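input.cif (mmCIF, C-alpha atoms and all ligand atoms) appears below.
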data_model
loop_
_atom_site.label_atom_id
_atom_site.label_comp_id
_atom_site.auth_asym_id
_atom_site.auth_seq_id
_atom_site.Cartn_x
_atom_site.Cartn_y
_atom_site.Cartn_z
CA MET Z 1 148.81 171.64 30.16
CA LYS Z 2 150.12 168.60 32.00
CA ALA Z 3 148.74 165.17 31.05
CA VAL Z 4 149.51 161.58 32.02
CA GLN Z 5 150.15 159.64 28.86
CA TYR Z 6 150.84 156.06 27.94
CA ARG Z 7 153.15 156.74 25.01
CA ARG Z 8 154.69 153.47 23.85
CA VAL Z 9 153.58 149.86 24.41
CA GLY Z 10 155.56 148.42 27.29
CA ASP Z 11 156.70 151.81 28.68
CA SER Z 12 155.52 153.33 31.96
CA PRO Z 13 153.06 156.22 31.76
CA GLU Z 14 154.64 159.68 31.75
CA VAL Z 15 153.67 163.19 32.77
CA VAL Z 16 154.03 165.33 29.66
CA GLU Z 17 153.14 168.81 28.42
CA VAL Z 18 150.43 168.94 25.71
CA ASP Z 19 148.20 171.65 24.23
CA VAL Z 20 144.92 172.50 25.95
CA PRO Z 21 142.26 171.14 23.56
CA GLU Z 22 139.85 173.53 21.81
CA PRO Z 23 136.19 172.53 22.08
CA GLY Z 24 134.57 172.03 18.66
CA PRO Z 25 130.83 172.29 17.90
CA GLY Z 26 128.77 170.72 20.68
CA GLN Z 27 131.84 169.90 22.78
CA VAL Z 28 132.59 170.99 26.34
CA LEU Z 29 135.97 171.72 27.89
CA LEU Z 30 136.30 170.70 31.54
CA LYS Z 31 138.93 171.82 34.00
CA VAL Z 32 139.59 168.45 35.59
CA ASP Z 33 139.11 168.38 39.36
CA ALA Z 34 139.70 164.65 39.85
CA ALA Z 35 140.48 161.50 37.86
CA GLY Z 36 140.23 157.96 39.23
CA MET Z 37 142.78 155.20 38.65
CA CYS Z 38 141.22 151.91 37.52
CA HIS Z 39 142.77 148.46 37.24
CA SER Z 40 141.63 148.46 33.60
CA ASP Z 41 144.36 151.06 32.96
CA ILE Z 42 146.87 148.48 34.11
CA ALA Z 43 145.28 145.88 31.85
CA VAL Z 44 145.48 148.30 28.91
CA MET Z 45 149.16 148.94 29.63
CA SER Z 46 149.84 145.19 29.68
CA TRP Z 47 148.51 144.55 26.17
CA SER Z 48 151.01 143.71 23.42
CA ALA Z 49 151.60 145.99 20.43
CA GLU Z 50 149.67 143.53 18.20
CA GLU Z 51 146.53 143.60 20.32
CA PHE Z 52 146.70 147.27 21.35
CA PRO Z 53 143.50 148.81 19.97
CA TYR Z 54 143.95 152.54 20.60
CA PRO Z 55 146.05 155.25 18.99
CA LEU Z 56 149.16 156.27 21.00
CA PRO Z 57 150.03 158.40 22.85
CA LEU Z 58 146.95 157.92 25.03
CA THR Z 59 146.07 160.30 27.86
CA LEU Z 60 144.84 157.98 30.62
CA GLY Z 61 141.86 158.34 32.96
CA HIS Z 62 138.31 157.14 32.31
CA GLU Z 63 136.86 158.28 35.67
CA GLY Z 64 136.57 162.06 35.67
CA ALA Z 65 134.93 164.97 37.41
CA GLY Z 66 135.52 168.64 36.68
CA THR Z 67 134.35 172.21 36.28
CA ILE Z 68 132.99 173.47 32.96
CA SER Z 69 135.53 175.91 31.58
CA ALA Z 70 134.40 176.53 27.96
CA PHE Z 71 131.91 175.47 25.30
CA GLY Z 72 132.37 174.92 21.59
CA PRO Z 73 130.07 176.69 19.13
CA GLY Z 74 126.36 175.90 19.50
CA THR Z 75 123.72 176.15 22.19
CA HIS Z 76 124.20 174.56 25.58
CA ARG Z 77 122.24 173.93 28.76
CA TYR Z 78 125.04 173.83 31.31
CA SER Z 79 126.90 176.97 32.36
CA GLU Z 80 130.56 177.77 32.82
CA GLY Z 81 131.60 176.94 36.38
CA ASP Z 82 129.15 174.03 36.73
CA ARG Z 83 130.72 171.05 38.46
CA VAL Z 84 130.03 167.72 36.82
CA ALA Z 85 130.95 164.05 36.63
CA VAL Z 86 131.67 162.48 33.26
CA TYR Z 87 129.73 159.48 31.99
CA GLY Z 88 132.57 157.56 30.31
CA PRO Z 89 131.19 154.90 27.94
CA TRP Z 90 130.39 157.26 25.09
CA GLY Z 91 128.19 155.96 22.30
CA CYS Z 92 126.64 157.36 19.13
CA GLY Z 93 123.69 158.78 21.08
CA LEU Z 94 121.24 157.58 18.44
CA CYS Z 95 121.03 153.77 18.29
CA ARG Z 96 118.50 151.81 20.35
CA ALA Z 97 120.95 151.12 23.20
CA CYS Z 98 121.92 154.79 23.36
CA ALA Z 99 118.23 155.76 23.27
CA TYR Z 100 117.86 153.82 26.53
CA GLY Z 101 120.92 155.57 27.95
CA GLU Z 102 122.91 152.34 27.58
CA GLU Z 103 125.74 153.96 25.70
CA ASN Z 104 128.01 151.30 27.20
CA TYR Z 105 126.33 148.95 24.73
CA CYS Z 106 126.14 151.33 21.77
CA ARG Z 107 125.78 149.25 18.64
CA ARG Z 108 127.70 151.70 16.47
CA ALA Z 109 130.48 153.18 18.64
CA ASP Z 110 133.12 150.76 17.31
CA ARG Z 111 132.20 151.32 13.70
CA LEU Z 112 132.18 155.10 14.16
CA GLY Z 113 135.47 155.09 16.09
CA ILE Z 114 133.78 156.59 19.18
CA ARG Z 115 135.82 155.71 22.28
CA PRO Z 116 135.63 156.55 25.98
CA PRO Z 117 137.99 159.15 27.41
CA GLY Z 118 141.12 157.38 28.66
CA LEU Z 119 140.22 154.27 26.66
CA GLY Z 120 140.94 155.49 23.15
CA ALA Z 121 140.03 159.18 23.41
CA PRO Z 122 142.17 161.58 25.51
CA GLY Z 123 141.33 160.94 29.16
CA ALA Z 124 140.86 162.77 32.44
CA MET Z 125 144.39 162.50 33.87
CA ALA Z 126 145.20 165.96 32.58
CA GLU Z 127 144.47 169.54 33.52
CA TYR Z 128 141.69 169.74 30.92
CA LEU Z 129 139.35 167.16 29.38
CA LEU Z 130 137.42 167.56 26.16
CA VAL Z 131 133.93 166.05 26.46
CA ASP Z 132 132.22 165.20 23.19
CA ASP Z 133 128.72 166.17 24.18
CA GLU Z 134 126.85 167.74 27.09
CA ARG Z 135 124.77 164.58 27.51
CA HIS Z 136 127.86 162.85 28.97
CA LEU Z 137 127.83 165.24 31.94
CA VAL Z 138 126.00 164.73 35.21
CA PRO Z 139 125.79 167.60 37.75
CA LEU Z 140 127.55 166.95 41.05
CA HIS Z 141 125.06 169.03 43.05
CA GLY Z 142 127.43 169.38 45.99
CA LEU Z 143 129.29 166.06 45.80
CA ASP Z 144 133.04 166.30 46.33
CA PRO Z 145 134.69 165.76 42.91
CA VAL Z 146 137.43 163.57 44.40
CA GLU Z 147 134.81 161.19 45.75
CA ALA Z 148 132.57 161.60 42.72
CA ALA Z 149 135.09 160.75 39.98
CA PRO Z 150 135.32 157.05 40.94
CA LEU Z 151 131.54 156.85 41.11
CA THR Z 152 131.54 156.98 37.29
CA ASP Z 153 133.13 153.52 37.06
CA ALA Z 154 134.16 152.01 40.42
CA ALA Z 155 130.54 152.48 41.54
CA LEU Z 156 128.64 152.52 38.24
CA THR Z 157 130.06 149.19 37.02
CA PRO Z 158 129.20 147.17 40.17
CA TYR Z 159 125.86 149.01 40.38
CA HIS Z 160 124.89 147.85 36.89
CA ALA Z 161 126.00 144.29 37.67
CA ILE Z 162 124.29 144.09 41.06
CA LYS Z 163 121.02 145.69 39.99
CA LYS Z 164 120.37 142.81 37.60
CA SER Z 165 120.66 140.28 40.42
CA LEU Z 166 118.46 142.05 42.96
CA PRO Z 167 115.41 139.80 42.34
CA LYS Z 168 117.53 136.83 43.51
CA LEU Z 169 118.91 138.62 46.56
CA VAL Z 170 115.91 138.00 48.80
CA PRO Z 171 115.99 137.80 52.62
CA GLY Z 172 118.14 134.84 53.62
CA SER Z 173 120.20 134.95 50.44
CA THR Z 174 123.95 135.35 50.14
CA ALA Z 175 125.99 137.52 47.76
CA VAL Z 176 129.69 136.91 47.23
CA VAL Z 177 132.08 139.67 46.19
CA ILE Z 178 135.42 138.42 44.90
CA GLY Z 179 138.08 141.15 45.02
CA ALA Z 180 137.45 143.96 47.51
CA GLY Z 181 139.39 146.58 45.55
CA GLY Z 182 138.17 149.77 43.89
CA LEU Z 183 135.06 148.19 42.41
CA GLY Z 184 134.58 145.48 45.03
CA HIS Z 185 134.55 147.71 48.10
CA VAL Z 186 131.83 149.79 46.46
CA GLY Z 187 130.01 146.62 45.37
CA ILE Z 188 129.80 145.55 49.02
CA GLN Z 189 128.20 148.88 49.96
CA LEU Z 190 125.77 148.69 47.06
CA LEU Z 191 124.70 145.20 48.08
CA ARG Z 192 124.13 146.41 51.64
CA ALA Z 193 122.21 149.48 50.46
CA LEU Z 194 120.04 147.70 47.90
CA SER Z 195 119.44 144.19 49.25
CA PRO Z 196 118.91 142.22 52.44
CA ALA Z 197 121.49 139.63 51.32
CA ARG Z 198 124.32 138.53 53.52
CA VAL Z 199 127.55 139.75 51.91
CA VAL Z 200 130.67 137.59 51.89
CA ALA Z 201 133.82 139.24 50.51
CA LEU Z 202 136.89 137.41 49.25
CA ASP Z 203 140.37 138.80 48.76
CA ILE Z 204 143.99 137.76 49.07
CA ASN Z 205 145.16 140.95 50.76
CA ASP Z 206 144.57 141.53 54.50
CA GLN Z 207 144.22 145.30 54.12
CA LYS Z 208 141.53 144.86 51.46
CA MET Z 209 139.72 142.30 53.63
CA GLU Z 210 139.75 144.77 56.48
CA LEU Z 211 138.36 147.48 54.17
CA ALA Z 212 135.67 145.01 53.07
CA ARG Z 213 134.53 144.53 56.67
CA SER Z 214 134.67 148.23 57.42
CA VAL Z 215 132.36 149.03 54.49
CA GLY Z 216 129.80 146.40 55.45
CA ALA Z 217 130.79 142.86 54.46
CA HIS Z 218 129.26 140.45 56.97
CA ARG Z 219 132.08 137.99 56.44
CA THR Z 220 135.45 137.90 54.72
CA VAL Z 221 137.02 134.73 53.40
CA ARG Z 222 140.53 134.30 52.05
CA SER Z 223 140.38 133.76 48.32
CA ASP Z 224 141.97 130.33 47.83
CA GLU Z 225 140.93 126.82 46.84
CA ASN Z 226 139.15 126.33 50.18
CA ALA Z 227 136.93 129.37 49.71
CA PRO Z 228 134.07 127.57 47.87
CA GLU Z 229 133.80 125.05 50.70
CA GLN Z 230 133.64 127.84 53.26
CA ILE Z 231 130.94 129.60 51.25
CA ARG Z 232 128.95 126.36 51.03
CA GLU Z 233 129.30 125.92 54.80
CA LEU Z 234 128.01 129.45 55.36
CA THR Z 235 125.01 128.75 53.11
CA SER Z 236 123.84 125.35 54.41
CA GLY Z 237 125.51 123.71 51.44
CA ASN Z 238 123.55 125.72 48.88
CA GLY Z 239 126.09 128.25 47.68
CA ALA Z 240 125.51 131.93 46.98
CA GLU Z 241 122.53 133.29 45.06
CA ALA Z 242 124.84 135.80 43.38
CA VAL Z 243 128.59 135.81 42.90
CA PHE Z 244 130.31 138.94 41.56
CA ASP Z 245 133.86 138.37 40.44
CA PHE Z 246 135.71 141.70 40.43
CA VAL Z 247 138.99 139.99 39.52
CA GLY Z 248 137.97 137.67 36.68
CA ALA Z 249 141.20 135.67 36.72
CA THR Z 250 141.32 131.91 36.16
CA ALA Z 251 141.66 131.33 39.91
CA THR Z 252 138.67 133.48 40.82
CA THR Z 253 136.30 132.34 38.07
CA ARG Z 254 136.94 128.80 39.33
CA ILE Z 255 136.02 129.88 42.85
CA ALA Z 256 132.95 131.67 41.51
CA ALA Z 257 131.78 128.60 39.60
CA ARG Z 258 132.15 126.40 42.68
CA SER Z 259 130.42 128.90 45.01
CA VAL Z 260 127.27 129.78 43.12
CA ALA Z 261 123.89 128.25 44.01
CA THR Z 262 121.38 126.51 41.74
CA GLU Z 263 119.52 129.23 39.79
CA GLY Z 264 122.13 131.73 40.96
CA ASP Z 265 123.83 134.54 39.05
CA LEU Z 266 127.54 134.40 38.27
CA THR Z 267 128.76 137.77 37.07
CA ILE Z 268 132.30 138.26 35.84
CA VAL Z 269 133.23 141.94 36.01
CA GLY Z 270 137.03 141.67 36.27
CA ILE Z 271 138.97 141.33 33.05
CA GLY Z 272 141.64 138.96 34.34
CA GLY Z 273 141.24 136.49 31.44
CA GLY Z 274 139.35 133.79 33.37
CA SER Z 275 136.20 132.07 32.14
CA VAL Z 276 133.64 129.52 33.30
CA PRO Z 277 132.43 126.55 31.31
CA VAL Z 278 128.71 126.61 30.57
CA GLY Z 279 126.94 123.39 29.62
CA PHE Z 280 124.81 120.74 31.23
CA GLY Z 281 126.50 119.45 34.38
CA THR Z 282 129.29 122.02 34.42
CA LEU Z 283 127.55 124.40 36.85
CA PRO Z 284 124.61 124.02 39.23
CA PHE Z 285 121.31 123.98 37.33
CA GLU Z 286 120.21 127.19 35.66
CA VAL Z 287 123.05 129.39 36.75
CA ALA Z 288 123.05 132.58 34.68
CA VAL Z 289 126.53 133.67 33.66
CA SER Z 290 127.26 137.13 32.38
CA ALA Z 291 130.18 139.49 31.79
CA PRO Z 292 128.80 143.03 31.84
CA TYR Z 293 130.57 146.23 30.81
CA TRP Z 294 130.28 149.54 32.72
CA GLY Z 295 126.70 150.94 33.10
CA SER Z 296 124.04 153.20 31.67
CA ARG Z 297 123.64 156.98 31.94
CA GLY Z 298 120.49 156.52 33.99
CA GLU Z 299 122.31 154.21 36.38
CA LEU Z 300 125.01 156.85 36.86
CA LEU Z 301 122.34 159.29 38.05
CA GLU Z 302 121.13 156.64 40.49
CA VAL Z 303 124.66 156.01 41.76
CA LEU Z 304 125.21 159.73 42.41
CA GLU Z 305 121.96 159.80 44.40
CA LEU Z 306 123.22 156.92 46.56
CA ALA Z 307 126.42 158.86 47.18
CA ARG Z 308 124.48 162.02 48.07
CA SER Z 309 122.36 160.13 50.57
CA GLY Z 310 125.55 158.73 52.11
CA GLU Z 311 124.71 155.10 51.38
CA VAL Z 312 127.78 154.68 49.21
CA ARG Z 313 131.12 156.24 49.85
CA VAL Z 314 134.24 155.49 47.86
CA HIS Z 315 137.31 155.11 50.04
CA VAL Z 316 139.66 157.52 48.25
CA ASP Z 317 143.29 158.57 48.51
CA SER Z 318 144.19 161.59 46.38
CA PHE Z 319 147.54 162.35 44.77
CA PRO Z 320 148.94 165.20 42.64
CA LEU Z 321 149.15 164.57 38.91
CA GLU Z 322 152.97 164.66 38.91
CA GLU Z 323 153.02 161.54 41.10
CA THR Z 324 150.76 159.47 38.84
CA PRO Z 325 153.42 157.15 37.35
CA GLU Z 326 154.61 156.19 40.84
CA ILE Z 327 151.03 155.76 42.07
CA TYR Z 328 150.32 153.38 39.17
CA GLU Z 329 153.23 151.27 40.42
CA ARG Z 330 151.95 151.24 43.98
CA PHE Z 331 148.45 150.43 42.72
CA HIS Z 332 149.86 147.58 40.61
CA ARG Z 333 151.55 146.18 43.71
CA GLY Z 334 148.19 146.15 45.52
CA GLU Z 335 149.25 148.85 47.99
CA ILE Z 336 146.28 151.20 47.60
CA PRO Z 337 143.04 150.15 49.29
CA GLY Z 338 139.90 151.70 47.78
CA ARG Z 339 140.53 154.09 44.89
CA ALA Z 340 143.50 156.29 44.04
CA VAL Z 341 142.33 159.63 42.66
CA ILE Z 342 144.57 162.03 40.76
CA VAL Z 343 144.07 165.74 41.36
CA PRO Z 344 145.67 167.81 38.58
P1 LIG Z 401 141.65 146.79 42.13
O1 LIG Z 401 143.07 146.48 41.87
O2 LIG Z 401 141.32 148.05 42.86
O3 LIG Z 401 140.96 145.61 42.92
C1 LIG Z 401 141.22 144.26 42.67
C2 LIG Z 401 141.11 143.53 44.01
O4 LIG Z 401 141.15 142.13 43.76
C3 LIG Z 401 142.22 143.86 45.00
O5 LIG Z 401 141.67 144.12 46.27
C4 LIG Z 401 143.07 142.59 45.01
O6 LIG Z 401 143.70 142.36 46.25
C5 LIG Z 401 142.01 141.55 44.74
N1 LIG Z 401 142.50 140.28 44.19
C6 LIG Z 401 143.54 140.05 43.35
N2 LIG Z 401 143.64 138.74 43.10
C7 LIG Z 401 142.65 138.12 43.79
C8 LIG Z 401 142.23 136.78 43.94
N3 LIG Z 401 142.87 135.78 43.34
N4 LIG Z 401 141.16 136.53 44.72
C9 LIG Z 401 140.50 137.53 45.34
N5 LIG Z 401 140.86 138.82 45.25
C10 LIG Z 401 141.92 139.11 44.49
O7 LIG Z 401 140.93 146.77 40.69
P2 LIG Z 401 139.57 147.48 40.23
O8 LIG Z 401 139.90 148.80 39.67
O9 LIG Z 401 138.56 147.34 41.29
O10 LIG Z 401 139.15 146.57 39.01
C11 LIG Z 401 138.74 145.23 39.21
C12 LIG Z 401 138.62 144.51 37.90
O11 LIG Z 401 137.48 144.97 37.19
C13 LIG Z 401 139.79 144.70 36.95
O12 LIG Z 401 139.99 143.50 36.22
C14 LIG Z 401 139.30 145.78 36.03
O13 LIG Z 401 139.98 145.80 34.81
C15 LIG Z 401 137.87 145.36 35.88
N6 LIG Z 401 136.90 146.37 35.43
C16 LIG Z 401 135.91 145.93 34.63
C17 LIG Z 401 134.92 146.79 34.23
C18 LIG Z 401 133.81 146.30 33.36
O14 LIG Z 401 133.07 147.14 32.84
N7 LIG Z 401 133.63 145.01 33.21
C19 LIG Z 401 134.93 148.12 34.66
C20 LIG Z 401 135.97 148.53 35.52
C21 LIG Z 401 136.94 147.64 35.92
ZN ZN Z 402 137.59 151.29 34.82
ZN ZN Z 403 124.63 154.20 20.01
#
Could you spell out this file's structure in structure tokens?
Amino acid sequence: MKAVQYRRVGDSPEVVEVDVPEPGPGQVLLKVDAAGMCHSDIAVMSWSAEEFPYPLPLTLGHEGAGTISAFGPGTHRYSEGDRVAVYGPWGCGLCRACAYGEENYCRRADRLGIRPPGLGAPGAMAEYLLVDDERHLVPLHGLDPVEAAPLTDAALTPYHAIKKSLPKLVPGSTAVVIGAGGLGHVGIQLLRALSPARVVALDINDQKMELARSVGAHRTVRSDENAPEQIRELTSGNGAEAVFDFVGATATTRIAARSVATEGDLTIVGIGGGSVPVGFGTLPFEVAVSAPYWGSRGELLEVLELARSGEVRVHVDSFPLEETPEIYERFHRGEIPGRAVIVP
């Protein structure tokens, strides 16, 4: 089968021919219908050989949707031909976090060498994907796989982040979304669907700012050193009750820190290497800072419901698998608004 692999640190990803995997006991083989392209893939491919944590070659793709093609030995509850989305942050399934469906925070995954598809284990940018256990599958129930694949991360990750801040997003409040890309443009829709907050989106790219407005941002502001002042002006000097930084670079975490209100939430989702100082006098009083990772299995079910009801819709552009290396380059250059989805 064809697969998109990152083969050597520093090289571009390549389309290669590999064997179709055989499902072992309890495993499920999916015929991949769609695989989303995340900025985290670009981060992974920028790491040095010393810090690179996964075995190579690595088949990319941690956002997947597909059709069940075969089962390994053992009993199963799904059937061949069922169309499903893949919950990506696989855990041990047994620890306390996993018991709550929070496999993204599994306490034992690292120790046991359990890794998400595309982030250590072979990923979804291939004709077939081996899924470790049926519990990682969520039925699509009619959702289009191309739109559903990005829901497993580009929607699940902002959903998890935003849900925690909902008590602060009361009528009259303001939420700031920094970076209206794959995650951010869904974050805007989630904020609109789940809260009465006014949504202000920041980006540096005009096309992304336009997308932000078209998916429901009340205001867009250029992401530069004047942005915090503009946000304060829009909020009678108070700042925003919640700031979600979907870039996480030094420049944006600085903006986030200067834009958040007293008792606000500052959530850093992007992995751009930025940070905010926490300590008396460094931020407005009682700001809660967090850097969450992905989301829970239960939250993925909730996200799919929002997509089914039409409240959230990922802006997708689909491309054949053979074009993936070139699409990664275009994505890296900021030329793809919304999410690029690979269709093998
Ligand atoms: P993306 O490339 O689709 O979107 C990034 C957006 O940020 C683009 O619209 C870009 O124009 C904008 N941007 C770049 N620099 C900016 C700046 N200085 N100010 C404002 N906007 C700026 O990327 P994505 O796939 O949405 O991922 C976003 C980030 O989230 C990445 O760092 C990714 O690795 C990370 N991520 C984290 C998690 C997690 O669990 N924490 C999960 C998925 C992705
Ligand atoms: Zn991702
Ligand atoms: Zn666990």
Using all atoms listed in the file, tabulate the residues of chain Z lying at most 9 Å from any atom of ligand ZN 403 (chain Z), each with its closest atom pair and that distance in Å to one decimal, by chain and increasing residue number, as JSON lines.
{"residue": "Z:Trp90", "atom": "CA", "partner": "Z:ZN403", "partner_atom": "ZN", "distance": 8.3}
{"residue": "Z:Gly91", "atom": "CA", "partner": "Z:ZN403", "partner_atom": "ZN", "distance": 4.6}
{"residue": "Z:Cys92", "atom": "CA", "partner": "Z:ZN403", "partner_atom": "ZN", "distance": 3.8}
{"residue": "Z:Gly93", "atom": "CA", "partner": "Z:ZN403", "partner_atom": "ZN", "distance": 4.8}
{"residue": "Z:Leu94", "atom": "CA", "partner": "Z:ZN403", "partner_atom": "ZN", "distance": 5.0}
{"residue": "Z:Cys95", "atom": "CA", "partner": "Z:ZN403", "partner_atom": "ZN", "distance": 4.0}
{"residue": "Z:Arg96", "atom": "CA", "partner": "Z:ZN403", "partner_atom": "ZN", "distance": 6.6}
{"residue": "Z:Ala97", "atom": "CA", "partner": "Z:ZN403", "partner_atom": "ZN", "distance": 5.8}
{"residue": "Z:Cys98", "atom": "CA", "partner": "Z:ZN403", "partner_atom": "ZN", "distance": 4.3}
{"residue": "Z:Ala99", "atom": "CA", "partner": "Z:ZN403", "partner_atom": "ZN", "distance": 7.3}
{"residue": "Z:Gly101", "atom": "CA", "partner": "Z:ZN403", "partner_atom": "ZN", "distance": 8.9}
{"residue": "Z:Glu102", "atom": "CA", "partner": "Z:ZN403", "partner_atom": "ZN", "distance": 8.0}
{"residue": "Z:Glu103", "atom": "CA", "partner": "Z:ZN403", "partner_atom": "ZN", "distance": 5.8}
{"residue": "Z:Asn104", "atom": "CA", "partner": "Z:ZN403", "partner_atom": "ZN", "distance": 8.5}
{"residue": "Z:Tyr105", "atom": "CA", "partner": "Z:ZN403", "partner_atom": "ZN", "distance": 7.3}
{"residue": "Z:Cys106", "atom": "CA", "partner": "Z:ZN403", "partner_atom": "ZN", "distance": 3.7}
{"residue": "Z:Arg107", "atom": "CA", "partner": "Z:ZN403", "partner_atom": "ZN", "distance": 5.3}
{"residue": "Z:Arg108", "atom": "CA", "partner": "Z:ZN403", "partner_atom": "ZN", "distance": 5.3}
{"residue": "Z:Ala109", "atom": "CA", "partner": "Z:ZN403", "partner_atom": "ZN", "distance": 6.1}
Non-local contacts of Ile271 of chain Z (8 Å; all atoms listed in the file; under 5 positions in same chain excluded) as a PDB file with C-alpha atoms, in the frame of the given file:
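The file below, part09.pdb, is the result:
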ATOM      1  CA  SER Z  40     141.630 148.460  33.600  1.00  0.00           C
ATOM      2  CA  ALA Z  43     145.280 145.880  31.850  1.00  0.00           C
ATOM      3  CA  VAL Z 247     138.990 139.990  39.520  1.00  0.00           C
ATOM      4  CA  GLY Z 248     137.970 137.670  36.680  1.00  0.00           C
ATOM      5  CA  ALA Z 249     141.200 135.670  36.720  1.00  0.00           C
TER       6      ALA Z 249
END
Review point. What's the 12 Å shell around His141 of chain Z, counting all atoms listed in the file, without same-chain residues fewer than 6 positions away, as an MDAnalysis selection string?
Key: chainID Z and resid 67 82:85 148 301 304:305 307:309
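Of the residues listed (Z:Ala242, Z:Ile42, Z:Leu191, Z:Leu234), Z:Leu191 shows the shortest atom-to-atom separation from Ala217 of chain Z; distances use only C-alpha atoms.
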Check your understanding: Excluding same-chain residues fewer than 3 positions from Glu335 of chain Z, what lies within 12 Å of it counting all atoms listed in the file, as a count of residues only?
Key -> 17
Since the input is missing atoms for segment 204-218 of chain Z, could you rebuild it with N, CA and C atoms and give the result as an mmCIF file, keeping the file's coordinate frame?
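As a result, result-v6.cif now contains:
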data_model
loop_
_atom_site.group_PDB
_atom_site.id
_atom_site.type_symbol
_atom_site.label_atom_id
_atom_site.label_comp_id
_atom_site.auth_asym_id
_atom_site.auth_seq_id
_atom_site.Cartn_x
_atom_site.Cartn_y
_atom_site.Cartn_z
ATOM 1 N N ILE Z 204 142.753 138.429 48.675
ATOM 2 C CA ILE Z 204 143.990 137.760 49.070
ATOM 3 C C ILE Z 204 144.854 138.692 49.916
ATOM 4 N N ASN Z 205 144.367 139.911 50.109
ATOM 5 C CA ASN Z 205 145.160 140.950 50.760
ATOM 6 C C ASN Z 205 144.454 141.359 52.062
ATOM 7 N N ASP Z 206 145.185 141.278 53.182
ATOM 8 C CA ASP Z 206 144.570 141.530 54.500
ATOM 9 C C ASP Z 206 143.981 142.925 54.602
ATOM 10 N N GLN Z 207 144.698 143.909 54.042
ATOM 11 C CA GLN Z 207 144.220 145.300 54.120
ATOM 12 C C GLN Z 207 142.890 145.455 53.372
ATOM 13 N N LYS Z 208 142.771 144.775 52.246
ATOM 14 C CA LYS Z 208 141.530 144.860 51.460
ATOM 15 C C LYS Z 208 140.396 144.121 52.175
ATOM 16 N N MET Z 209 140.747 143.035 52.876
ATOM 17 C CA MET Z 209 139.720 142.300 53.630
ATOM 18 C C MET Z 209 139.217 143.144 54.800
ATOM 19 N N GLU Z 210 140.144 143.886 55.386
ATOM 20 C CA GLU Z 210 139.750 144.770 56.480
ATOM 21 C C GLU Z 210 138.842 145.892 55.953
ATOM 22 N N LEU Z 211 139.207 146.442 54.780
ATOM 23 C CA LEU Z 211 138.360 147.480 54.170
ATOM 24 C C LEU Z 211 136.975 146.901 53.882
ATOM 25 N N ALA Z 212 136.952 145.663 53.392
ATOM 26 C CA ALA Z 212 135.670 145.010 53.070
ATOM 27 C C ALA Z 212 134.765 144.963 54.302
ATOM 28 N N ARG Z 213 135.332 144.594 55.430
ATOM 29 C CA ARG Z 213 134.530 144.530 56.670
ATOM 30 C C ARG Z 213 134.097 145.925 57.091
ATOM 31 N N SER Z 214 135.004 146.886 56.936
ATOM 32 C CA SER Z 214 134.670 148.230 57.420
ATOM 33 C C SER Z 214 133.578 148.881 56.564
ATOM 34 N N VAL Z 215 133.420 148.444 55.312
ATOM 35 C CA VAL Z 215 132.360 149.030 54.490
ATOM 36 C C VAL Z 215 131.093 148.164 54.489
ATOM 37 N N GLY Z 216 131.079 147.086 55.276
ATOM 38 C CA GLY Z 216 129.800 146.400 55.450
ATOM 39 C C GLY Z 216 129.734 144.926 55.118
ATOM 40 N N ALA Z 217 130.850 144.312 54.707
ATOM 41 C CA ALA Z 217 130.790 142.860 54.460
ATOM 42 C C ALA Z 217 130.510 142.141 55.777
ATOM 43 N N HIS Z 218 129.555 141.196 55.741
ATOM 44 C CA HIS Z 218 129.260 140.450 56.970
ATOM 45 C C HIS Z 218 130.391 139.480 57.297
#
